[in-house]
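The block underneath contains the structure these notes are about, expressed in structure tokens.
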Amino acid sequence: MPEGAQRIVVTGLGAVSALGAGVKANWAAAREGRGAIAPHSFDPGPNGPAAHVTPAALIAGDLVGPLEAALGRKIGASLDPFALLALAPADEALTQAGLIGHPDLEHRTALVLGHGFAGIHTLEASYERFYGQKAARLHPLTVPKVMVSAPVSAVAMEFKIRGPVFAVSSACASSGHAIAQGAGFIASGACDIAVVGGSEAIATPGCLRGWEGLGAITATTCRPFSAGRDGMAIGEGGAVMVLEALDHAKARGATILAEYGGAGLSSDAFHWTQPSLDGPVSAMRAALAAADLAPDATVVISAHGTGTPLNDKNEAAAIHAVFGARAKFHPVIATKSAHGHLIGAAAALQGVIGLMALAEKVAPPILGWRGADPDCDLSLVLTPAQPIAADALLLNAFAFGGLNTALVFRRWG
Amino acid sequence: MTTLRDELLDLISAEALIDRAKLAPSATLADLGLDSVGVVSIVFAVEDKYGVEIAEDAFNDAPNLDAFLGRLETIIRARQDAILGRPEG
């Protein structure tokens, strides 16, 4: 880290996914290897083709009721699920950070969330009404519910965050970019606090057919780095971190959960769906250099680990290229095997789970693993969870279209 | 037994985020903070729930909530009567 640069710490975490509501529930399920991927039937209704069964990790139950109880006010039908899935973890993270109602949210606080898609549930229901039912009129809130910035607007309005507020999008790396962008506001001195993360809710009959068209979806379950892996499973949810200037956090007596080490951001500029080796390698190298870790430091690697044949092979090669002879010194986790692929929210949720692993010195197991693939020769954490003595977390997110983020967080204390 | 008017009041309360106790029959839509988006949102919810079609300008001159509800009830009852094969009126 450059002399005099502002150190950045994490003071709040929030998460919701098919593993459960709240960080505790998500961490407990990941650690105990209780995965949430299961076959679900997706029925497009009378104007679409027949219902279709696909593995996915879906959140059970009502999103609105528990959120209304937590916030103490009504929300109704004004928000798409992808915005609800940002509000809930934002409330949890800001509560943990002790920032609910804090005057500093009114100035020098940034809010940046990442989403690969937008209000797909609302969009699909609106188009079903328009093209399917041939209704001439659409709901007056269609546009504000669909727009990709709806979650940040909802979170800003709820918690009165009045600094730089916007959404970023880079498919499966969206919340990685959001975290890096928020940290940048603190590093530059423009802000003291950055509320960062992402959310995604794309498990609709039409959108899933799009993913299946890509040939990216598993027929059974997500098996990262395993022999016989055949694709990813879509998940849904959201996760939020509160990043804060170290001096600011100390001055207000906040509990520090981890230190943000740095980011490496790169683009393959190569292919829509095929990964390159150079892009992920340069992102990981840049993040590790920014974090200025000791040469003998152990990092727990939260792999992008989608369970697609190509990603996992390429990511394993990239990890070997970055760490060389020490590649197998670092434990590798791949929690998409538990919570599914949250697309734009994946990096944020894996960040929350990874930070819990770092703090509790336990690595959650990779699920669905069937046997070694010689192309994925890594120190995989398999069932059961495994004690780790890692100094830092390396968090990878590599998107279709070749957009890569790698983030490093250091263990605090 | 829940009346149609009770159902509609519940629906308006949920859709427009207005406390059920504040939905006085004599209140104007403006008193209730219902702008055009709020009214159309309610109309949408009624269309979805009761399978009716409601013209966009059906409520422009409704003097108060009681009149608004009365018009909704008329439209919904006409639809129910049509389904049950009862003569209108």
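Residues are referred to by chain and number: the chain letter is A, B, ... according to the order shown in the structure tokens, the number counts from 1 in that chain, and ligands are numbered separately from 1 in the order shown.
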- Message: Would you mind listing, as number ranges by chain, all residues of chain B that have at least one atom within 8 Å of chain A, where only C-alpha atoms are what counts?
- Response: B: 14-17, 37, 40-41, 44
Same residues, all heavy atoms, saved as a compact mmCIF listing (two decimals), in the first residue's frame:
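Generated file (selection-v4.txt):
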```
# COMPACT_ATOMS: atom_id res chain seq x y z
N ALA B 14 -53.14 -2.16 0.72
CA ALA B 14 -51.90 -2.88 0.39
C ALA B 14 -51.21 -2.27 -0.82
O ALA B 14 -49.99 -2.14 -0.84
CB ALA B 14 -52.22 -4.36 0.12
N GLU B 15 -51.98 -1.87 -1.80
CA GLU B 15 -51.39 -1.40 -3.06
C GLU B 15 -50.82 0.01 -2.92
O GLU B 15 -49.75 0.30 -3.43
CB GLU B 15 -52.45 -1.46 -4.16
CG GLU B 15 -51.93 -1.32 -5.57
CD GLU B 15 -50.99 -2.43 -5.98
OE1 GLU B 15 -51.20 -3.60 -5.56
OE2 GLU B 15 -50.04 -2.13 -6.70
N ALA B 16 -51.56 0.88 -2.21
CA ALA B 16 -51.14 2.28 -2.13
C ALA B 16 -50.42 2.58 -0.81
O ALA B 16 -50.05 3.72 -0.56
CB ALA B 16 -52.36 3.18 -2.28
N LEU B 17 -50.20 1.55 0.01
CA LEU B 17 -49.50 1.71 1.29
C LEU B 17 -50.16 2.78 2.16
O LEU B 17 -49.50 3.66 2.71
CB LEU B 17 -48.02 2.04 1.07
CG LEU B 17 -47.23 1.04 0.20
CD1 LEU B 17 -45.79 1.48 0.06
CD2 LEU B 17 -47.30 -0.36 0.78
N VAL B 37 -50.52 7.85 -10.70
CA VAL B 37 -49.83 6.55 -10.65
C VAL B 37 -50.46 5.66 -9.57
O VAL B 37 -50.67 4.46 -9.78
CB VAL B 37 -48.31 6.74 -10.39
CG1 VAL B 37 -47.66 5.41 -10.05
CG2 VAL B 37 -47.64 7.36 -11.60
N VAL B 40 -53.83 4.36 -10.90
CA VAL B 40 -53.67 3.33 -11.94
C VAL B 40 -53.13 2.03 -11.32
O VAL B 40 -53.52 0.94 -11.73
CB VAL B 40 -52.76 3.83 -13.09
CG1 VAL B 40 -52.62 2.75 -14.15
CG2 VAL B 40 -53.34 5.09 -13.72
N SER B 41 -52.26 2.15 -10.31
CA SER B 41 -51.76 0.94 -9.64
C SER B 41 -52.91 0.16 -9.00
O SER B 41 -52.95 -1.07 -9.08
CB SER B 41 -50.75 1.32 -8.55
OG SER B 41 -49.62 1.92 -9.11
N PHE B 44 -54.98 -1.50 -11.68
CA PHE B 44 -54.30 -2.71 -12.15
C PHE B 44 -54.53 -3.89 -11.22
O PHE B 44 -54.79 -5.00 -11.65
CB PHE B 44 -52.79 -2.45 -12.26
CG PHE B 44 -52.35 -2.32 -13.66
CD1 PHE B 44 -52.54 -1.14 -14.35
CD2 PHE B 44 -51.78 -3.39 -14.32
CE1 PHE B 44 -52.17 -1.02 -15.66
CE2 PHE B 44 -51.40 -3.28 -15.64
CZ PHE B 44 -51.59 -2.09 -16.31
```
- Residues at most 9 Å from region 363-380 of chain A, counting only C-alpha atoms, excluding those fewer than 3 positions away in the same chain, as number ranges by chain? A: 27, 29-35, 221-229, 300, 312-317, 319-320, 327-338, 353-354, 356-358, 360, 383-388
When you look at Cys207 (chain A) with a cut-off of 10 Å (counting only C-alpha atoms), what residues show up, excluding the ones that are within fewer than 4 positions of it in the same chain? I need them as a compact mmCIF listing (two decimals) with C-alpha atoms, in the first residue's frame.
```
# COMPACT_ATOMS: atom_id res chain seq x y z
CA PHE A 117 -29.58 -8.16 -15.16
CA ILE A 120 -36.49 -9.52 -14.93
CA HIS A 121 -39.51 -10.76 -12.95
CA GLU A 124 -41.27 -10.89 -18.00
CA ILE A 202 -33.50 -13.95 -12.65
CA ALA A 203 -35.13 -17.32 -12.03
CA TRP A 211 -29.32 -19.59 -19.92
CA GLU A 212 -30.13 -23.10 -21.06
CA GLY A 213 -29.74 -21.92 -24.64
```
- Using only C-alpha atoms, which residues sit within 6 Å of Ala233 (chain A) once same-chain residues fewer than 4 positions away are excluded, as a list in words? Ala56, Ile217, Cys222, Gly340 and His341 of chain A
- Message: Which residue is closest to Ile12 (chain B)? Choose from B:Asp66, B:Asp81, B:Val52, B:Ile42 and count only C-alpha atoms.
- Response: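 Nearest to Ile12 (chain B): B:Ile42.
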- Message: Excluding Arg162 (chain A) and its own-chain neighbours fewer than 5 positions away, which residues fall within 9 Å of it when counting only C-alpha atoms? Please give them as a list in words.
- Response: Leu105, Glu106, His107, Arg108, Thr109, Ala110, Leu111, Ala156 and Met157 of chain A
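Atom pair CA of Thr11 (chain A) / CA of Leu403 (chain A): separated by 27.7 Å.
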- Message: I'd like to know which residues of chain B are alpha helix (DSSP H) (by DSSP, run on the backbone); could you write them as a ChimeraX atom specification?
- Response: /B:4-16,36-50,65-84
Export, as a short mmCIF file (atom, residue, chain, number, x, y, z; two decimals), in the first residue's frame, the selected residues with N, CA and C atoms.
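Result file follows (again-v6.cif):
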```cif
data_model
loop_
_atom_site.label_atom_id
_atom_site.label_comp_id
_atom_site.auth_asym_id
_atom_site.auth_seq_id
_atom_site.Cartn_x
_atom_site.Cartn_y
_atom_site.Cartn_z
N LEU B 4 -67.47 -7.20 -0.62
CA LEU B 4 -66.63 -6.73 -1.74
C LEU B 4 -65.94 -5.42 -1.35
N ARG B 5 -66.69 -4.56 -0.61
CA ARG B 5 -66.09 -3.27 -0.22
C ARG B 5 -64.89 -3.50 0.72
N ASP B 6 -65.02 -4.44 1.65
CA ASP B 6 -63.88 -4.76 2.54
C ASP B 6 -62.67 -5.23 1.73
N GLU B 7 -62.95 -6.10 0.78
CA GLU B 7 -61.86 -6.61 -0.07
C GLU B 7 -61.16 -5.47 -0.80
N LEU B 8 -61.97 -4.54 -1.32
CA LEU B 8 -61.38 -3.43 -2.08
C LEU B 8 -60.58 -2.51 -1.17
N LEU B 9 -61.09 -2.29 0.04
CA LEU B 9 -60.34 -1.44 0.99
C LEU B 9 -59.01 -2.10 1.36
N ASP B 10 -59.03 -3.41 1.56
CA ASP B 10 -57.78 -4.14 1.86
C ASP B 10 -56.80 -3.99 0.69
N LEU B 11 -57.34 -4.14 -0.51
CA LEU B 11 -56.50 -4.06 -1.70
C LEU B 11 -55.89 -2.66 -1.84
N ILE B 12 -56.70 -1.63 -1.62
CA ILE B 12 -56.19 -0.25 -1.73
C ILE B 12 -55.12 0.00 -0.66
N SER B 13 -55.39 -0.48 0.54
CA SER B 13 -54.42 -0.30 1.63
C SER B 13 -53.09 -0.95 1.28
N ALA B 14 -53.14 -2.16 0.72
CA ALA B 14 -51.90 -2.88 0.39
C ALA B 14 -51.21 -2.27 -0.82
N GLU B 15 -51.98 -1.87 -1.80
CA GLU B 15 -51.39 -1.40 -3.06
C GLU B 15 -50.82 0.01 -2.92
N ALA B 16 -51.56 0.88 -2.21
CA ALA B 16 -51.14 2.28 -2.13
C ALA B 16 -50.42 2.58 -0.81
N SER B 36 -51.98 10.09 -9.93
CA SER B 36 -52.49 9.27 -11.05
C SER B 36 -51.81 7.89 -11.05
N VAL B 37 -50.52 7.85 -10.70
CA VAL B 37 -49.83 6.55 -10.65
C VAL B 37 -50.46 5.66 -9.57
N GLY B 38 -50.79 6.26 -8.44
CA GLY B 38 -51.41 5.50 -7.36
C GLY B 38 -52.75 4.93 -7.78
N VAL B 39 -53.57 5.76 -8.46
CA VAL B 39 -54.90 5.29 -8.90
C VAL B 39 -54.74 4.17 -9.94
N VAL B 40 -53.83 4.36 -10.90
CA VAL B 40 -53.67 3.33 -11.94
C VAL B 40 -53.13 2.03 -11.32
N SER B 41 -52.26 2.15 -10.31
CA SER B 41 -51.76 0.94 -9.64
C SER B 41 -52.91 0.16 -9.00
N ILE B 42 -53.83 0.88 -8.38
CA ILE B 42 -54.99 0.22 -7.76
C ILE B 42 -55.87 -0.42 -8.84
N VAL B 43 -56.10 0.32 -9.91
CA VAL B 43 -56.92 -0.20 -11.00
C VAL B 43 -56.31 -1.50 -11.55
N PHE B 44 -54.98 -1.50 -11.68
CA PHE B 44 -54.30 -2.71 -12.15
C PHE B 44 -54.53 -3.89 -11.22
N ALA B 45 -54.40 -3.63 -9.93
CA ALA B 45 -54.57 -4.71 -8.96
C ALA B 45 -56.01 -5.24 -9.02
N VAL B 46 -56.98 -4.34 -9.20
CA VAL B 46 -58.38 -4.76 -9.29
C VAL B 46 -58.60 -5.57 -10.57
N GLU B 47 -58.01 -5.11 -11.68
CA GLU B 47 -58.16 -5.85 -12.94
C GLU B 47 -57.60 -7.27 -12.81
N ASP B 48 -56.44 -7.38 -12.16
CA ASP B 48 -55.81 -8.70 -12.00
C ASP B 48 -56.63 -9.59 -11.09
N LYS B 49 -57.12 -9.01 -9.99
CA LYS B 49 -57.80 -9.84 -9.00
C LYS B 49 -59.18 -10.29 -9.48
N TYR B 50 -59.91 -9.40 -10.19
CA TYR B 50 -61.30 -9.70 -10.53
C TYR B 50 -61.52 -9.99 -12.02
N LEU B 65 -63.59 8.79 -2.03
CA LEU B 65 -63.30 7.36 -2.00
C LEU B 65 -64.57 6.54 -2.16
N ASP B 66 -65.65 7.01 -1.55
CA ASP B 66 -66.92 6.28 -1.63
C ASP B 66 -67.36 6.12 -3.09
N ALA B 67 -67.26 7.21 -3.85
CA ALA B 67 -67.64 7.16 -5.27
C ALA B 67 -66.69 6.25 -6.06
N PHE B 68 -65.40 6.35 -5.74
CA PHE B 68 -64.38 5.52 -6.39
C PHE B 68 -64.69 4.04 -6.19
N LEU B 69 -64.97 3.69 -4.92
CA LEU B 69 -65.28 2.30 -4.60
C LEU B 69 -66.57 1.86 -5.27
N GLY B 70 -67.55 2.75 -5.29
CA GLY B 70 -68.84 2.43 -5.89
C GLY B 70 -68.68 2.06 -7.37
N ARG B 71 -67.83 2.82 -8.07
CA ARG B 71 -67.62 2.52 -9.49
C ARG B 71 -66.90 1.19 -9.68
N LEU B 72 -65.93 0.94 -8.82
CA LEU B 72 -65.24 -0.36 -8.91
C LEU B 72 -66.22 -1.50 -8.66
N GLU B 73 -67.07 -1.34 -7.66
CA GLU B 73 -68.04 -2.39 -7.32
C GLU B 73 -68.99 -2.65 -8.49
N THR B 74 -69.43 -1.58 -9.13
CA THR B 74 -70.35 -1.73 -10.27
C THR B 74 -69.70 -2.55 -11.39
N ILE B 75 -68.42 -2.21 -11.68
CA ILE B 75 -67.71 -2.91 -12.76
C ILE B 75 -67.50 -4.39 -12.41
N ILE B 76 -67.12 -4.64 -11.16
CA ILE B 76 -66.84 -6.02 -10.73
C ILE B 76 -68.14 -6.84 -10.71
N ARG B 77 -69.22 -6.25 -10.21
CA ARG B 77 -70.50 -6.98 -10.12
C ARG B 77 -71.03 -7.30 -11.52
N ALA B 78 -70.86 -6.35 -12.45
CA ALA B 78 -71.33 -6.59 -13.83
C ALA B 78 -70.60 -7.79 -14.42
N ARG B 79 -69.31 -7.88 -14.13
CA ARG B 79 -68.49 -9.00 -14.63
C ARG B 79 -68.95 -10.32 -13.98
N GLN B 80 -69.18 -10.25 -12.65
CA GLN B 80 -69.62 -11.47 -11.96
C GLN B 80 -70.98 -11.93 -12.48
N ASP B 81 -71.85 -10.95 -12.71
CA ASP B 81 -73.18 -11.30 -13.23
C ASP B 81 -73.07 -11.92 -14.62
N ALA B 82 -72.17 -11.36 -15.43
CA ALA B 82 -72.00 -11.89 -16.78
C ALA B 82 -71.53 -13.34 -16.73
N ILE B 83 -70.59 -13.63 -15.80
CA ILE B 83 -70.08 -14.99 -15.68
C ILE B 83 -71.17 -15.94 -15.22
N LEU B 84 -72.01 -15.47 -14.28
CA LEU B 84 -73.06 -16.32 -13.73
C LEU B 84 -74.30 -16.35 -14.60
#
```
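Take CA of Gly61 (chain A) and CA of Ala18 (chain A): the distance between them is 10.1 Å.
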Please provide the set of residues having any atom within 10 Å of Ala24 (chain B), restricted to only C-alpha atoms, with same-chain residues fewer than 2 positions apart removed, written as a short mmCIF file (atom, residue, chain, number, x, y, z; two decimals) with N, CA, C and O atoms, in the first residue's frame.
```cif
data_model
loop_
_atom_site.label_atom_id
_atom_site.label_comp_id
_atom_site.auth_asym_id
_atom_site.auth_seq_id
_atom_site.Cartn_x
_atom_site.Cartn_y
_atom_site.Cartn_z
N LEU B 9 -61.09 -2.29 0.04
CA LEU B 9 -60.34 -1.44 0.99
C LEU B 9 -59.01 -2.10 1.36
O LEU B 9 -57.99 -1.43 1.45
N ARG B 20 -55.23 1.26 6.63
CA ARG B 20 -56.64 0.93 6.38
C ARG B 20 -57.58 1.88 7.13
O ARG B 20 -58.62 2.27 6.62
N ALA B 21 -57.18 2.29 8.36
CA ALA B 21 -58.05 3.15 9.17
C ALA B 21 -58.21 4.55 8.57
O ALA B 21 -59.16 5.26 8.89
N LYS B 22 -57.28 4.92 7.69
CA LYS B 22 -57.34 6.27 7.11
C LYS B 22 -58.23 6.33 5.87
O LYS B 22 -58.42 7.39 5.29
N SER B 26 -65.43 9.58 2.85
CA SER B 26 -65.58 10.97 2.40
C SER B 26 -64.27 11.58 1.93
O SER B 26 -64.25 12.67 1.37
N ALA B 27 -63.15 10.89 2.14
CA ALA B 27 -61.85 11.44 1.75
C ALA B 27 -61.75 11.52 0.23
O ALA B 27 -62.20 10.61 -0.48
N THR B 28 -61.18 12.60 -0.29
CA THR B 28 -60.92 12.66 -1.73
C THR B 28 -59.66 11.85 -2.02
O THR B 28 -58.85 11.58 -1.12
N ASP B 31 -56.79 13.76 -0.93
CA ASP B 31 -56.60 13.71 0.54
C ASP B 31 -55.77 12.49 0.92
O ASP B 31 -54.97 12.52 1.86
N LEU B 32 -56.00 11.39 0.21
CA LEU B 32 -55.32 10.12 0.54
C LEU B 32 -53.92 10.05 -0.06
O LEU B 32 -53.21 9.06 0.11
N ASN B 64 -64.93 11.38 -4.28
CA ASN B 64 -64.32 10.88 -3.03
C ASN B 64 -64.15 9.36 -3.10
O ASN B 64 -64.49 8.71 -4.10
N LEU B 65 -63.59 8.79 -2.03
CA LEU B 65 -63.30 7.36 -2.00
C LEU B 65 -64.57 6.54 -2.16
O LEU B 65 -64.56 5.50 -2.83
N ASP B 66 -65.65 7.01 -1.55
CA ASP B 66 -66.92 6.28 -1.63
C ASP B 66 -67.36 6.12 -3.09
O ASP B 66 -67.74 5.04 -3.53
#
```
